[in-house]
Each structure stands twice: as C-alpha cells, then as structure tokens.
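Student: Dumping the structure here so I can ask a few things about it.
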Amino acid sequence: MWESICLTLVATAGNNIGKVLQKKGTVILPPLSFKLKVIRAYASNRDWAVGFLMDIFGALLMLIALSQAPVSVIQPVSGCGLAILSVFSHFYLKEVMNAVDWMGITLAGIGAIGVGAGGEEQVASAISIFHLPWLAFIVAVLFVLLNGWLRIFRRHRREQEMMEYEVVEEIIFGLESGILFGMASVVSKMGFLFMEQGFSKMLVPICIGISISCSGTGFFYQTRGLKHGRAIVVSTCAAVASIVSGVLAGMLALGEKLPSAPAARLSLLLGWLLIIVGVVLLVSSARLVRLLPRRLRQLVPSGVGRNSGLRRSGSVHAKDTTPSAVIHAATLHHLISSPSKEKA
C-alpha cells in the first residue's frame, strides 16, 4: 500500500510540476502547431521538454499506482499534488508562502499519511463489463442536472439583466471538471480489473483511452469556468469533486470497501478529510488571509507574489489532457507576468 501511495505522490508531483515547467517554457515560444520549425523550437526548449517528460512520466506512474491500489486510496492522495507544487513554487520560483499555505501543506501531508496507515489491500471484487455503461449513465445524469441548473440560472440572469459572472456558474464548471477527473481514475482502474478477471486485454487500452478522454473533457470544462470566473472557486470545486467522485465511484462501481478494523477506518476517513481541507486552504489562502483581522494580517506574509493573479488567471491555465490535479492559477500567472514586466 505504501509503495502505491509513494508512486501516487511522485506521479502527481510530476504532473503538476511538469505543467508549470511547460508553461514557463511556452512564454518565449510560438503557439504550438504541427510545423517542423515550431516542433523543433518546443523540443529544444529545456523547460518545456523537461516539463513534458515529467508530465508523461507522472501519468505512467499514476497508471501503475492505480493497477496496485484501490481508487479510494489513490484519488485522495493525488490531491496532495497541489501541496507539492506549492513547495516547488516556493523554493524554485521564489514565490511567497503565507501561514495558511503552510497549514494546508501540512494537513495534506498528514492526510496522505493517514490514508496510507488506514488503507489496506483488497481482494478484487467481481465487476461486470456493464458497470462501464452504468457509470457513464450516472455521469450523464449528473451533467444533465448540473447543466439544467446552469441553464435556469442563466435565463434568470438574462431576465435580471445581470452581466457579471456569478458564483453558481463557477461552482458548476468546477464540479463538472472534478467529476470527470475522478471518473478518469475509476475507468483506468476498471481496465486493470477486467484484465485480472480474464476479460480481453484489449479492454485495458480502451479504458485508458476513455480515461484520457474524460480528463481532456474535464480540462475543457475547467477552462470554460476559468475564462470568466474566479480560479479560487473553480479550482476548489474541481479538487474536492475529483476526490469525492473518485472515492464514491470506487466503492459503488468497483466494490471497494472501508477497512474492517475501526482504527484503520478512522485513519482512512480522517486522512480523506485532512487532504480535502488542505487542498481548500491552499486554493483559498489569499482570500482567507484578507479575512483575518488587521493585526493578525500584519503578522502573516501576504504572499502577493504568489496570489496576485487569482482573479485574472482564467486566461493562463494550461489546456492539457493528462489526468492530474488542478494547477496553481497564481503560479501560472507569475510565470507569464514576469517576462512581460521585463520586456516593458
């Protein structure tokens, strides 16, 4: 179990840090196209090439981890990628971290340890190939409900002649992207379980292909939410929905169960909770610091260098298609805004 958790931490670190390095490299590169000159420019850029390899390597490690451990363990631990990215940004990009950031990192780390201590190896439950269309049907129903809610709200907004992007839309796009990220892990795990039960080995690449499609569609919905909405709301909803949907789908569709021992069960549940709270604190640290009393606010580093781009980060999120955690919006803004200031 600990081996799978370590693989997940390395994988999610590779995914998140890789995307930041890719984004850093693209600052001086032309838009990506299939022209040979452009491809050579990307391949010769050290930051982009290293980031791309780290991203791919992380995705492969995540698949290995999913083949060895339950989704209800892997998916919550993958949320710790945001904590690892924050530490990387602090030491490598020299971004300012405030006390709330460090608290979120600490809670996410303790949560990962709790999940590792409480998780246990499980005998693969017999699942039917019909679980896959049932899972697709449930996700489709959820999306119909969420998009129906979105359509009703937009109609109400037009009637009220409201022009600003409202929090309901941010929440819906965040939830939709998070659900798809969670389903990506579940479908990948399904492919490995089908192979263990003697189904055709062709189901493994099919399930992995569906998983990549889910992840890519999730980034599409996340980008739609970030285009006009606030990254703090969209990212928080996406991260929490990814963990919750992955855990629930793993238990309902894959037959995963909570540990039988009370202490292990408590450790696992507490680990899930601490990871979710840690992720929420990391995403919303700037706003939480602003809510503190003035005297306390003066004692806490503001983290302006890291958080100044939260409201304007919709246009700087990478549109990647690998299954991974949400990228720090402020980190990407920092990478883009710094070169522009130098040119000025």
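Chain identifiers are assigned as A, B, and so on, following the order in which chains appear in the structure tokens; residues are numbered from 1 within each chain, and ligands are numbered from 1 in order of appearance.
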Dump as CSV the rows for residues of segment 31-134 of chain A within 9 Å of segment 182-197 of chain A: closest atom pair and distance in Å with one decimal, only C-alpha atoms counted, ordered by chain and rising residue number.

Tutor:
```
residue,atom,partner,partner_atom,distance
A:Met62,CA,A:Ser185,CA,8.8
A:Leu63,CA,A:Ser188,CA,7.2
A:Leu66,CA,A:Lys189,CA,5.7
A:Ser67,CA,A:Phe192,CA,5.9
A:Ala69,CA,A:Lys189,CA,8.9
A:Pro70,CA,A:Lys189,CA,8.0
A:Val71,CA,A:Val186,CA,6.3
A:Ile74,CA,A:Ser185,CA,8.5
A:Gln75,CA,A:Gly182,CA,7.2
A:Ala124,CA,A:Leu193,CA,7.1
A:Ser125,CA,A:Leu193,CA,8.4
A:Ala126,CA,A:Gln197,CA,7.3
A:Ile127,CA,A:Phe194,CA,7.6
A:Ser128,CA,A:Phe194,CA,8.3
A:Ile129,CA,A:Phe194,CA,7.6
A:His131,CA,A:Met190,CA,9.0
A:Leu132,CA,A:Val187,CA,7.6
```

Student: Write out as a PDB file with C-alpha atoms, in the first residue's frame the residues lying within 8 Å of Cys214 of chain A, counting only C-alpha atoms and excluding same-chain residues fewer than 3 positions away.

Tutor:
```pdb
ATOM      1  CA  LEU A 180     -14.569  13.938 -14.940  1.00  0.00           C
ATOM      2  CA  PHE A 181     -11.119  13.898 -13.301  1.00  0.00           C
ATOM      3  CA  MET A 183     -14.017   9.236 -13.384  1.00  0.00           C
ATOM      4  CA  ALA A 184     -10.737   9.156 -15.323  1.00  0.00           C
ATOM      5  CA  ILE A 210     -11.725   6.617 -22.205  1.00  0.00           C
ATOM      6  CA  SER A 211      -9.828   7.843 -19.126  1.00  0.00           C
ATOM      7  CA  THR A 217     -13.009  16.954 -21.306  1.00  0.00           C
ATOM      8  CA  GLY A 218     -12.507  17.852 -17.655  1.00  0.00           C
TER       9      GLY A 218
END
```

Student: With distances taken over only C-alpha atoms, which of A:Ile5, A:Val144, A:Ile28, A:Ala241 is nearest to Gly114 of chain A?

Tutor: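 Of A:Ile5, A:Val144, A:Ile28, A:Ala241, the one nearest Gly114 of chain A, counting only C-alpha atoms, is A:Ile5.
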
Student: Applying 9 Å and only C-alpha atoms, which residues near Leu258 of chain A remain after dropping the ones on its own chain fewer than 2 positions away? List them as a list in words.

Tutor: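 Listed by chain and then number, they are Ser72, Gly118, Gly119, Glu120, Met251, Glu256, Ser260, Ala261, Ala264, Arg265, Leu268 and Leu269 of chain A.
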
Student: Go ahead and dump the residues you just picked, C-alpha atoms, as an mmCIF file, in the first residue's frame.

Tutor:
```
data_model
loop_
_atom_site.group_PDB
_atom_site.id
_atom_site.type_symbol
_atom_site.label_atom_id
_atom_site.label_comp_id
_atom_site.auth_asym_id
_atom_site.auth_seq_id
_atom_site.Cartn_x
_atom_site.Cartn_y
_atom_site.Cartn_z
ATOM 1 C CA SER A 72 -10.489 5.259 -2.957
ATOM 2 C CA GLY A 118 -5.658 3.199 7.140
ATOM 3 C CA GLY A 119 -5.688 1.793 3.616
ATOM 4 C CA GLU A 120 -5.459 -1.939 3.190
ATOM 5 C CA MET A 251 -16.804 1.996 -3.730
ATOM 6 C CA GLU A 256 -14.045 -1.170 -2.837
ATOM 7 C CA SER A 260 -12.668 -3.654 8.685
ATOM 8 C CA ALA A 261 -10.631 -2.515 11.714
ATOM 9 C CA ALA A 264 -7.845 1.803 10.235
ATOM 10 C CA ARG A 265 -11.280 3.009 9.124
ATOM 11 C CA LEU A 268 -8.621 6.493 6.344
ATOM 12 C CA LEU A 269 -11.657 8.756 6.802
#
```

Student: Which one is closest to Phe130 of chain A: A:Gly174, A:Leu254, A:Leu82, A:Phe34? Count only C-alpha atoms.

Tutor: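 Between A:Gly174, A:Leu254, A:Leu82, A:Phe34, the residue approaching Phe130 of chain A most closely is A:Leu254.
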
Student: Among segment 145-229 of chain A, which ones does DSSP assign to alpha helix (DSSP H) (computed from the backbone)? Answer as a PyMOL selection string.

Tutor: chain A and resi 145-159+167-196+203-228

Student: Using only C-alpha atoms, find the one residue out of A:Thr106, A:Gly116, A:Leu175, A:Ser89 that sits nearest to Leu142 of chain A.

Tutor: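 Smallest separation from Leu142 of chain A among the options: A:Leu175.
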
Student: Can you work out the spacing between atom CA of Leu29 of chain A and atom CA of Ala49 of chain A in Å, to one decimal?

Tutor: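 We find that atom CA of Leu29 of chain A and atom CA of Ala49 of chain A lie 12.1 Å from each other.
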
Student: May I ask which of the residues A:Val115, A:Ile172, A:Ile64, A:Ile56 is the closest one to Arg224 of chain A, counting only C-alpha atoms?

Tutor: A:Ile172

Student: Nearest residue to Leu60 of chain A out of A:Ser213, A:Asn147, A:Thr8, A:Gln222, using only C-alpha atoms?

Tutor: A:Thr8
